[in-house]
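> This one is protein.cif, mmCIF, C-alpha atoms.
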data_input
#
loop_
_atom_site.label_atom_id
_atom_site.label_comp_id
_atom_site.auth_asym_id
_atom_site.auth_seq_id
_atom_site.Cartn_x
_atom_site.Cartn_y
_atom_site.Cartn_z
CA LEU A 413 0.00 0.00 0.00
CA PRO A 414 1.26 3.52 -0.70
CA SER A 415 2.45 5.35 2.39
CA THR A 416 0.37 8.31 3.60
CA SER A 417 1.85 11.09 5.68
CA ARG A 418 0.48 11.82 9.14
CA ALA A 419 -0.50 15.33 8.02
CA ALA A 420 -2.50 13.95 5.11
CA ARG A 421 -4.31 11.47 7.39
CA LEU A 422 -5.18 14.25 9.83
CA ALA A 423 -6.43 16.47 7.00
CA ASP A 424 -8.71 13.69 5.78
CA ALA A 425 -10.04 13.04 9.26
CA HIS A 426 -10.61 16.70 10.10
CA PRO A 427 -11.44 18.66 6.94
CA PRO A 428 -11.70 22.43 7.39
CA PRO A 429 -15.25 23.78 7.72
CA PRO A 430 -16.73 25.30 4.57
CA ARG A 431 -16.16 29.04 4.26
CA GLN A 432 -19.40 30.97 4.48
CA ALA A 433 -20.00 34.25 2.73
CA PRO A 434 -21.01 37.14 5.00
CA LEU A 435 -24.67 38.03 5.11
CA TYR A 436 -24.02 41.72 4.69
CA ARG A 437 -21.29 44.28 4.19
CA ILE A 438 -20.79 47.70 5.72
CA ALA A 439 -18.85 50.35 3.84
CA ALA A 440 -17.99 53.13 6.30
CA LYS A 441 -14.84 54.39 4.58
CA GLY A 442 -15.88 54.22 0.96
CA PRO A 443 -16.99 51.41 -1.34
CA LEU A 444 -15.31 48.02 -1.06
CA PRO A 445 -13.44 46.60 -4.07
CA ARG A 446 -15.77 45.34 -6.75
CA ALA A 447 -15.59 41.88 -8.21
CA ALA A 448 -14.31 41.54 -11.74
CA PRO A 449 -17.07 42.13 -14.31
CA PRO A 450 -18.56 39.02 -15.85
CA PRO A 451 -17.51 38.10 -19.38
CA GLU A 452 -19.50 39.67 -22.17
CA PRO A 453 -22.53 37.52 -22.99
CA SER A 454 -22.86 35.90 -26.36
CA GLY A 455 -24.51 38.17 -28.86
CA MET A 456 -23.28 41.49 -27.44
CA ALA A 457 -22.20 44.24 -29.87
CA TRP A 458 -20.43 47.28 -28.46
CA GLY A 459 -20.71 49.36 -31.60
CA LYS A 460 -17.07 50.36 -31.88
CA PRO A 461 -15.95 52.02 -35.14
CA ASP A 462 -15.26 49.52 -37.89
CA PRO A 463 -11.62 48.87 -38.88
CA ASP A 464 -12.29 50.45 -42.26
CA GLY A 465 -13.04 53.74 -40.57
CA ALA A 466 -16.83 53.68 -40.86
CA ALA A 467 -18.27 55.20 -37.70
CA GLY A 468 -21.99 55.21 -38.46
CA ALA A 469 -24.57 53.09 -36.69
CA ALA A 470 -26.25 51.78 -39.85
CA PRO A 471 -24.65 48.27 -39.75
CA LEU A 472 -25.81 47.80 -36.16
CA ILE A 473 -29.29 49.10 -36.86
CA ALA A 474 -29.48 46.69 -39.81
CA ARG A 475 -28.84 43.77 -37.45
CA VAL A 476 -31.70 44.96 -35.23
CA ALA A 477 -33.97 45.34 -38.26
CA ASP A 478 -33.06 41.82 -39.44
CA ASP A 479 -34.04 40.49 -36.00
CA ASP A 480 -30.63 38.87 -35.60
CA ALA A 481 -31.22 36.11 -33.06
CA THR A 482 -27.61 36.31 -31.83
CA LEU A 483 -27.90 40.01 -30.97
CA ARG A 484 -29.25 40.13 -27.42
CA SER A 485 -27.37 43.19 -26.11
CA LEU A 486 -26.36 46.30 -28.04
CA HIS A 487 -24.30 49.25 -26.80
CA ILE A 488 -23.87 51.92 -29.47
CA MET A 489 -20.94 53.86 -28.10
CA ALA A 490 -20.77 57.64 -28.28
CA GLN A 491 -18.16 57.72 -31.06
CA ARG A 492 -20.71 56.22 -33.42
CA ALA A 493 -22.69 58.84 -35.31
CA LEU A 494 -26.40 58.63 -34.48
CA GLY A 495 -28.33 61.32 -36.31
CA PRO A 496 -32.10 61.99 -36.49
CA ASP A 497 -32.55 59.54 -39.38
CA ASP A 498 -30.66 56.88 -37.43
CA TRP A 499 -32.95 57.32 -34.41
CA GLN A 500 -35.97 56.82 -36.62
CA ALA A 501 -34.41 53.82 -38.36
CA LEU A 502 -33.54 52.26 -35.01
CA ALA A 503 -37.07 52.85 -33.73
CA ASP A 504 -38.53 51.21 -36.83
CA ALA A 505 -36.14 48.28 -36.39
CA LEU A 506 -37.16 47.80 -32.75
CA VAL A 507 -40.80 47.45 -33.74
CA LYS A 508 -39.92 44.33 -35.75
CA ASN A 509 -37.28 42.93 -33.38
CA SER A 510 -38.03 40.03 -31.03
CA HIS A 511 -34.55 39.15 -29.69
CA LEU A 512 -32.76 42.29 -28.48
CA GLN A 513 -33.01 42.48 -24.68
CA GLU A 514 -30.58 45.26 -23.71
CA LEU A 515 -29.97 48.56 -25.49
CA SER A 516 -27.62 51.36 -24.44
CA LEU A 517 -27.68 54.68 -26.27
CA SER A 518 -25.93 56.63 -23.52
CA GLY A 519 -23.88 59.53 -24.81
CA HIS A 520 -26.07 60.18 -27.84
CA ALA A 521 -28.05 63.42 -28.01
CA MET A 522 -31.78 62.65 -27.97
CA SER A 523 -34.15 65.32 -29.26
CA VAL A 524 -37.88 65.39 -28.57
CA ALA A 525 -38.48 63.96 -32.06
CA SER A 526 -36.02 61.14 -31.42
CA ALA A 527 -37.67 60.45 -28.07
CA GLU A 528 -41.07 60.29 -29.79
CA ALA A 529 -39.79 57.71 -32.26
CA LEU A 530 -38.23 55.60 -29.52
CA ALA A 531 -41.29 55.87 -27.27
CA ALA A 532 -43.56 54.69 -30.08
CA ALA A 533 -41.26 51.72 -30.70
CA LEU A 534 -41.27 50.75 -27.02
CA GLN A 535 -45.06 50.46 -27.11
CA GLU A 536 -44.81 47.91 -29.94
CA ASN A 537 -41.67 46.00 -29.00
CA GLY A 538 -42.15 43.04 -26.66
CA ALA A 539 -38.57 41.87 -26.10
CA LEU A 540 -36.47 44.79 -24.82
CA GLN A 541 -35.88 44.56 -21.07
CA ALA A 542 -33.19 47.16 -20.30
CA LEU A 543 -32.63 50.64 -21.75
CA ALA A 544 -30.03 53.34 -21.10
CA VAL A 545 -30.43 56.48 -23.16
CA GLY A 546 -29.54 60.16 -23.48
CA THR A 547 -26.97 62.72 -22.34
CA PRO A 548 -26.85 65.40 -19.62
CA ALA A 549 -28.47 67.76 -22.15
CA THR A 550 -31.52 65.57 -22.79
CA GLY A 551 -33.81 67.64 -20.58
CA ASN A 552 -37.38 67.52 -19.33
CA ALA A 553 -39.25 67.66 -22.64
CA ALA A 554 -37.55 64.66 -24.25
CA LEU A 555 -37.67 62.66 -21.00
CA LYS A 556 -41.41 63.30 -20.66
CA VAL A 557 -42.03 61.81 -24.10
CA LEU A 558 -39.68 58.88 -23.53
CA CYS A 559 -41.05 57.93 -20.11
CA ALA A 560 -44.61 57.96 -21.39
CA GLY A 561 -43.52 55.31 -23.89
CA VAL A 562 -41.69 53.36 -21.17
CA ALA A 563 -44.91 53.17 -19.16
CA GLN A 564 -46.62 51.52 -22.13
CA SER A 565 -43.89 48.96 -22.82
CA ARG A 566 -44.88 45.31 -22.48
CA SER A 567 -41.39 44.13 -21.55
CA LEU A 568 -39.09 46.93 -20.32
CA CYS A 569 -38.15 46.39 -16.69
CA LYS A 570 -34.95 48.45 -16.27
CA LEU A 571 -34.36 52.10 -17.24
CA ASP A 572 -31.18 54.16 -16.81
CA VAL A 573 -31.69 57.92 -17.16
CA ALA A 574 -29.06 59.03 -14.64
CA ASN A 575 -27.70 62.55 -15.23
CA ARG A 576 -30.04 63.29 -18.13
CA GLY A 577 -30.87 66.91 -17.35
CA ALA A 578 -34.19 66.40 -15.57
CA THR A 579 -34.87 69.40 -13.33
CA GLY A 580 -37.45 70.46 -10.78
CA ALA A 581 -41.08 69.41 -10.67
CA HIS A 582 -41.39 69.05 -14.45
CA GLY A 583 -38.43 66.68 -14.56
CA GLY A 584 -39.64 64.69 -11.57
CA ARG A 585 -43.10 64.33 -13.07
CA ALA A 586 -41.62 63.13 -16.36
CA LEU A 587 -39.47 60.47 -14.66
CA GLY A 588 -42.24 59.37 -12.32
CA ALA A 589 -44.49 58.59 -15.27
CA ALA A 590 -42.13 55.75 -16.19
CA CYS A 591 -42.95 54.10 -12.84
CA CYS A 592 -46.72 54.60 -12.87
CA PRO A 593 -48.98 51.66 -11.98
CA MET A 594 -49.37 50.81 -15.67
CA SER A 595 -45.62 50.34 -16.08
CA ARG A 596 -43.77 47.03 -15.90
CA LEU A 597 -40.61 48.81 -14.77
CA GLU A 598 -38.81 47.13 -11.86
CA SER A 599 -35.64 49.22 -11.69
CA LEU A 600 -34.99 52.94 -12.31
CA ASP A 601 -31.74 54.89 -12.10
CA ALA A 602 -32.59 58.60 -12.00
CA SER A 603 -29.53 59.68 -10.04
CA ARG A 604 -27.73 62.99 -10.55
CA ASN A 605 -30.76 64.82 -11.91
CA ALA A 606 -31.36 68.18 -10.20
CA LEU A 607 -34.85 67.44 -8.90
CA GLY A 608 -34.84 68.84 -5.37
CA ASP A 609 -37.67 68.13 -2.94
CA ASP A 610 -40.26 69.61 -5.31
CA GLY A 611 -39.07 67.35 -8.12
CA VAL A 612 -39.04 64.24 -5.93
CA ALA A 613 -42.55 65.05 -4.69
CA ALA A 614 -43.73 65.39 -8.29
CA PHE A 615 -41.95 62.12 -9.11
CA ALA A 616 -43.79 60.39 -6.26
CA GLN A 617 -47.14 61.83 -7.33
CA ALA A 618 -46.65 60.65 -10.93
CA MET A 619 -45.77 57.17 -9.68
CA ALA A 620 -49.20 56.83 -8.15
CA VAL A 621 -51.35 58.15 -11.03
CA LEU A 622 -53.90 55.53 -12.04
CA PRO A 623 -55.23 55.33 -15.60
CA ASP A 624 -58.79 56.31 -16.41
CA LEU A 625 -60.29 52.87 -16.95
CA ALA A 626 -63.68 54.31 -17.82
CA ALA A 627 -62.22 55.99 -20.88
CA MET A 628 -60.74 52.72 -22.21
CA ASN A 629 -62.34 49.97 -24.22
CA GLU A 630 -62.88 46.63 -22.50
CA ARG A 631 -59.69 45.04 -23.79
CA ALA A 632 -57.49 48.00 -22.89
CA ALA A 633 -59.07 48.26 -19.44
CA ALA A 634 -58.45 44.55 -18.77
CA ARG A 635 -54.82 44.98 -19.82
CA ALA A 636 -54.47 48.00 -17.55
CA VAL A 637 -55.87 46.13 -14.55
CA GLU A 638 -53.49 43.24 -15.20
CA ARG A 639 -50.53 45.60 -15.25
CA ILE A 640 -51.60 47.39 -12.09
CA GLU A 641 -51.96 44.15 -10.16
CA SER A 642 -48.92 42.26 -11.41
CA PRO A 643 -45.74 44.40 -11.51
CA VAL A 644 -43.63 45.20 -8.45
CA PHE A 645 -41.13 48.06 -8.44
CA GLU A 646 -37.99 46.83 -6.65
CA ARG A 647 -34.94 49.06 -7.19
CA LEU A 648 -34.70 52.85 -7.13
CA ARG A 649 -31.56 54.96 -7.50
CA LEU A 650 -31.97 58.60 -6.52
CA SER A 651 -28.43 59.49 -5.54
CA GLY A 652 -27.47 63.15 -5.78
CA VAL A 653 -30.91 64.52 -6.71
CA GLY A 654 -31.23 67.09 -3.90
CA LEU A 655 -33.55 64.91 -1.81
CA GLY A 656 -34.39 66.18 1.68
CA ASP A 657 -36.79 65.12 4.40
CA ARG A 658 -39.79 66.79 2.74
CA GLY A 659 -39.25 64.96 -0.54
CA ALA A 660 -38.58 61.72 1.34
CA GLU A 661 -41.98 61.97 3.03
CA ALA A 662 -43.75 62.31 -0.32
CA LEU A 663 -41.70 59.48 -1.83
CA ALA A 664 -42.44 57.19 1.12
CA ARG A 665 -46.19 57.58 0.63
CA ALA A 666 -45.89 56.53 -3.02
CA LEU A 667 -43.52 53.65 -2.34
CA GLN A 668 -45.78 52.26 0.34
CA VAL A 669 -48.53 51.68 -2.19
CA ARG A 670 -46.59 50.96 -5.36
CA CYS A 671 -43.47 49.00 -4.43
CA ALA A 672 -41.75 46.20 -2.57
CA LEU A 673 -38.27 47.72 -2.54
CA VAL A 674 -35.24 45.49 -2.15
CA GLY A 675 -32.71 48.15 -3.21
CA LEU A 676 -32.61 51.90 -2.47
CA TRP A 677 -29.67 54.16 -3.35
CA LEU A 678 -29.80 57.68 -1.81
CA ALA A 679 -26.12 58.69 -1.72
CA ASP A 680 -25.00 62.34 -1.80
CA ASN A 681 -28.36 63.82 -0.82
CA GLU A 682 -26.86 66.15 1.76
CA GLU A 683 -30.20 67.37 3.12
CA LEU A 684 -31.58 63.90 3.82
CA GLY A 685 -31.66 63.37 7.57
CA GLU A 686 -32.97 61.06 10.25
CA VAL A 687 -36.64 61.94 9.79
CA GLY A 688 -36.74 61.38 6.04
CA LEU A 689 -34.75 58.17 6.05
CA ARG A 690 -36.78 56.72 8.89
CA ARG A 691 -39.95 57.33 6.89
CA LEU A 692 -38.48 55.70 3.79
CA VAL A 693 -37.13 52.55 5.45
CA SER A 694 -40.42 52.07 7.31
CA THR A 695 -42.09 51.46 3.94
CA ALA A 696 -39.52 48.88 2.81
CA PRO A 697 -39.58 45.79 5.04
CA LEU A 698 -37.94 43.70 2.28
CA LEU A 699 -34.98 46.06 1.85
CA GLU A 700 -31.68 44.25 1.20
CA THR A 701 -29.45 47.05 -0.15
CA LEU A 702 -29.30 50.63 1.15
CA ASP A 703 -26.83 53.41 0.33
CA VAL A 704 -27.00 56.53 2.53
CA SER A 705 -23.43 57.70 2.04
CA GLY A 706 -23.04 61.47 1.98
CA THR A 707 -26.31 62.17 3.84
CA ARG A 708 -27.07 63.79 7.23
CA THR A 709 -28.48 60.55 8.58
CA GLY A 710 -27.02 59.83 12.01
CA ALA A 711 -27.65 58.16 15.34
CA GLY A 712 -31.25 57.67 16.36
CA PRO A 713 -34.12 55.24 15.83
CA THR A 714 -33.19 54.74 12.17
CA GLY A 715 -29.60 53.90 13.05
CA GLU A 716 -30.82 51.40 15.62
CA TRP A 717 -33.15 49.85 13.04
CA LEU A 718 -30.31 49.56 10.53
CA GLU A 719 -28.08 47.94 13.14
CA ARG A 720 -30.73 45.33 13.95
CA ALA A 721 -31.52 44.70 10.27
CA ALA A 722 -27.86 44.23 9.35
CA ALA A 723 -27.15 42.02 12.36
CA SER A 724 -30.14 39.80 11.57
CA GLY A 725 -29.07 39.36 7.95
CA ALA A 726 -32.18 41.05 6.51
CA LEU A 727 -30.13 44.00 5.27
CA LYS A 728 -27.31 42.48 3.22
CA GLU A 729 -25.53 45.59 1.95
CA LEU A 730 -25.33 48.95 3.72
CA THR A 731 -23.14 51.85 2.60
CA ILE A 732 -22.68 54.68 5.14
CA ALA A 733 -19.52 56.48 3.97
CA ARG A 734 -19.49 60.21 4.74
CA SER A 735 -22.77 59.99 6.65
CA GLY A 736 -23.66 60.61 10.26
CA LEU A 737 -23.81 56.85 10.75
CA ALA A 738 -20.05 56.49 10.27
CA GLY A 739 -19.42 57.06 14.01
CA THR A 740 -22.32 54.99 15.35
CA PRO A 741 -22.54 51.31 16.37
CA VAL A 742 -23.66 50.53 12.81
CA ALA A 743 -20.14 51.29 11.59
CA ARG A 744 -18.66 48.74 13.99
CA LEU A 745 -20.60 45.83 12.55
CA PRO A 746 -18.43 43.20 10.83
CA ARG A 747 -17.60 43.85 7.21
CA GLY A 748 -17.33 41.46 4.35
CA PRO A 749 -16.59 41.45 0.63
CA PRO A 750 -19.31 42.37 -1.85
CA PRO A 751 -21.77 39.51 -2.37
#
Is it possible to express this structure as structure tokens?


Amino acid sequence: LPSTSRAARLADAHPPPPRQAPLYRIAAKGPLPRAAPPPEPSGMAWGKPDPDGAAGAAPLIARVADDDATLRSLHIMAQRALGPDDWQALADALVKNSHLQELSLSGHAMSVASAEALAAALQENGALQALAVGTPATGNAALKVLCAGVAQSRSLCKLDVANRGATGAHGGRALGAACCPMSRLESLDASRNALGDDGVAAFAQAMAVLPDLAAMNERAAARAVERIESPVFERLRLSGVGLGDRGAEALARALQVRCALVGLWLADNEELGEVGLRRLVSTAPLLETLDVSGTRTGAGPTGEWLERAAASGALKELTIARSGLAGTPVARLPRGPPP
């Protein structure tokens, strides 16, 4: 028989216990290192300029129009030219497409006319699930048109309009329309839009607007009721929008009716304090991820609730960098790597 060392026999008899991942992580001094991004999925096209120097988007739009089954994710990068005719061609292509699931048009100027074309396509397309679109100059008017189309989409569940020039109550109302009860949207990133408390209040009000069923035909009314009853809004990013306690109160009332939040990102809202955050977290018993870095939130009942939630494992990720919580018992909870 082959000889076996004493160390090997001991290792076999007493294997080390399995390593368990932490239930939560606390980031009191800035974000923890991120894991390496996953490999690009099959069928992704980044839209880089062709080797022959062609920088237009026409070849990519043609693949969408042909309903290329291998094209599931498309990111048309900013160095690609995307003019008014291209927006219309892309919108027409989306109407016929049944395979594209993710579309990023970030960095491309979107006029009201372009937004109208895209919004009309979203109402017809039944495959697209995630959309990122626009530039910091997009503004309220184009976003209002776009978000009205988002609310009518049969499939879109994730929208990224961070830093898209939405301002004040008009901008908040435009963005909130994308999350109305008719919408199937589950995740919205509206961070870094200068909304303020008035804009957030308008956003919350638009979230709760119900359609006029009496004005619809029977089929449309049945579809509306189905949408109202079935979707659940889960993830909201409102970092750096000028949110304070007054806006938080209005937002909490809307979220209580409309959502079952598992993720809420409120970083860099310097006027958000204990009262506003307490009201928000009280409406989100399923919350797993919360970012309050750069806010006035400090010790108090909310801090105690966060400490209990993190210790119990209900709250899996809590970011408190540059907030009043950084010096409280919450900051002394064990830390772990990102899940």

> Ranking A:Val562, A:Ala527, A:Met594, A:Ala481 by minimum distance to His511 of chain A and counting all atoms listed in the file, which one comes first?

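With all atoms listed in the file as the atom set, the closest residue is A:Ala481.
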
> With distances taken over only C-alpha atoms, which residue among A:Val557, A:Gly611, A:Ser595, A:Glu716 lies nearest Gly580 of chain A?

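For Gly580 of chain A, the nearest of the candidates is A:Gly611.
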
> The PyMOL selection byres ((chain A and resi 552) around 10) on the file shown: which residues, as a list of chain:residue names?

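Evaluating the PyMOL selection byres ((chain A and resi 552) around 10) on these coordinates yields A:Val524, A:Ala549, A:Thr550, A:Gly551, A:Ala553, A:Ala554, A:Leu555, A:Lys556, A:Val557, A:Leu558, A:Arg576, A:Gly577, A:Ala578, A:Thr579, A:Gly580, A:Ala581, A:His582, A:Gly583, A:Gly584, A:Arg585, A:Ala586, A:Leu587.
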
> Check what the PyMOL selection byres ((chain A and resi 694) around 12) selects in the file above and give those residues as a PDB file with C-alpha atoms, in the coordinates of the input.


ATOM      1  CA  ALA A 660     -38.580  61.720   1.340  1.00  0.00           C
ATOM      2  CA  GLU A 661     -41.980  61.970   3.030  1.00  0.00           C
ATOM      3  CA  LEU A 663     -41.700  59.480  -1.830  1.00  0.00           C
ATOM      4  CA  ALA A 664     -42.440  57.190   1.120  1.00  0.00           C
ATOM      5  CA  ARG A 665     -46.190  57.580   0.630  1.00  0.00           C
ATOM      6  CA  LEU A 667     -43.520  53.650  -2.340  1.00  0.00           C
ATOM      7  CA  GLN A 668     -45.780  52.260   0.340  1.00  0.00           C
ATOM      8  CA  ALA A 672     -41.750  46.200  -2.570  1.00  0.00           C
ATOM      9  CA  LEU A 673     -38.270  47.720  -2.540  1.00  0.00           C
ATOM     10  CA  VAL A 687     -36.640  61.940   9.790  1.00  0.00           C
ATOM     11  CA  GLY A 688     -36.740  61.380   6.040  1.00  0.00           C
ATOM     12  CA  LEU A 689     -34.750  58.170   6.050  1.00  0.00           C
ATOM     13  CA  ARG A 690     -36.780  56.720   8.890  1.00  0.00           C
ATOM     14  CA  ARG A 691     -39.950  57.330   6.890  1.00  0.00           C
ATOM     15  CA  LEU A 692     -38.480  55.700   3.790  1.00  0.00           C
ATOM     16  CA  VAL A 693     -37.130  52.550   5.450  1.00  0.00           C
ATOM     17  CA  THR A 695     -42.090  51.460   3.940  1.00  0.00           C
ATOM     18  CA  ALA A 696     -39.520  48.880   2.810  1.00  0.00           C
ATOM     19  CA  PRO A 697     -39.580  45.790   5.040  1.00  0.00           C
ATOM     20  CA  LEU A 698     -37.940  43.700   2.280  1.00  0.00           C
ATOM     21  CA  LEU A 699     -34.980  46.060   1.850  1.00  0.00           C
ATOM     22  CA  PRO A 713     -34.120  55.240  15.830  1.00  0.00           C
ATOM     23  CA  THR A 714     -33.190  54.740  12.170  1.00  0.00           C
ATOM     24  CA  TRP A 717     -33.150  49.850  13.040  1.00  0.00           C
ATOM     25  CA  LEU A 718     -30.310  49.560  10.530  1.00  0.00           C
ATOM     26  CA  ALA A 721     -31.520  44.700  10.270  1.00  0.00           C
TER      27      ALA A 721
END

> Can you tell me how far atom CA of Gln491 of chain A sits from atom CA of Gly538 of chain A, in Å to one decimal?

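It comes out at 28.5 Å.
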
> Could you tell me, as a compact mmCIF listing (two decimals) with C-alpha atoms, in the coordinates of the input, exactly which residues end up selected when the PyMOL selection byres ((chain A and resi 513-519) around 10) is applied to this structure?


# COMPACT_ATOMS: atom_id res chain seq x y z
CA MET A 456 -23.28 41.49 -27.44
CA ALA A 457 -22.20 44.24 -29.87
CA TRP A 458 -20.43 47.28 -28.46
CA LEU A 483 -27.90 40.01 -30.97
CA ARG A 484 -29.25 40.13 -27.42
CA SER A 485 -27.37 43.19 -26.11
CA LEU A 486 -26.36 46.30 -28.04
CA HIS A 487 -24.30 49.25 -26.80
CA ILE A 488 -23.87 51.92 -29.47
CA MET A 489 -20.94 53.86 -28.10
CA ALA A 490 -20.77 57.64 -28.28
CA GLN A 491 -18.16 57.72 -31.06
CA ARG A 492 -20.71 56.22 -33.42
CA LEU A 494 -26.40 58.63 -34.48
CA ASN A 509 -37.28 42.93 -33.38
CA SER A 510 -38.03 40.03 -31.03
CA HIS A 511 -34.55 39.15 -29.69
CA LEU A 512 -32.76 42.29 -28.48
CA HIS A 520 -26.07 60.18 -27.84
CA ALA A 521 -28.05 63.42 -28.01
CA MET A 522 -31.78 62.65 -27.97
CA GLY A 538 -42.15 43.04 -26.66
CA ALA A 539 -38.57 41.87 -26.10
CA LEU A 540 -36.47 44.79 -24.82
CA GLN A 541 -35.88 44.56 -21.07
CA ALA A 542 -33.19 47.16 -20.30
CA LEU A 543 -32.63 50.64 -21.75
CA ALA A 544 -30.03 53.34 -21.10
CA VAL A 545 -30.43 56.48 -23.16
CA GLY A 546 -29.54 60.16 -23.48
CA THR A 547 -26.97 62.72 -22.34
CA PRO A 548 -26.85 65.40 -19.62
CA ALA A 549 -28.47 67.76 -22.15
CA THR A 550 -31.52 65.57 -22.79
CA SER A 567 -41.39 44.13 -21.55
CA LEU A 568 -39.09 46.93 -20.32
CA LYS A 570 -34.95 48.45 -16.27
CA LEU A 571 -34.36 52.10 -17.24
CA ASP A 572 -31.18 54.16 -16.81
CA VAL A 573 -31.69 57.92 -17.16
CA ALA A 574 -29.06 59.03 -14.64
CA ARG A 576 -30.04 63.29 -18.13

> Env of Lys508 of chain A: 9 Å cut, atoms = all atoms listed in the file, seq-sep filter 2 positions within chain, self excluded. Answer as a PyMOL selection string.

chain A and resi 476-479+504-506+510+536-537

> Could you write those residues out with C-alpha atoms, as a compact mmCIF listing (two decimals), in the frame of the given file?


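Written out: result-v5.txt:
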# COMPACT_ATOMS: atom_id res chain seq x y z
CA VAL A 476 -31.70 44.96 -35.23
CA ALA A 477 -33.97 45.34 -38.26
CA ASP A 478 -33.06 41.82 -39.44
CA ASP A 479 -34.04 40.49 -36.00
CA ASP A 504 -38.53 51.21 -36.83
CA ALA A 505 -36.14 48.28 -36.39
CA LEU A 506 -37.16 47.80 -32.75
CA SER A 510 -38.03 40.03 -31.03
CA GLU A 536 -44.81 47.91 -29.94
CA ASN A 537 -41.67 46.00 -29.00

> Give the answer as one residue: which of A:Leu530, A:Ala563, A:Leu648, A:Glu700 has the shortest atom-to-atom distance to Val621 of chain A, using all atoms listed in the file?

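Selected residue with least distance to Val621 of chain A: A:Ala563.
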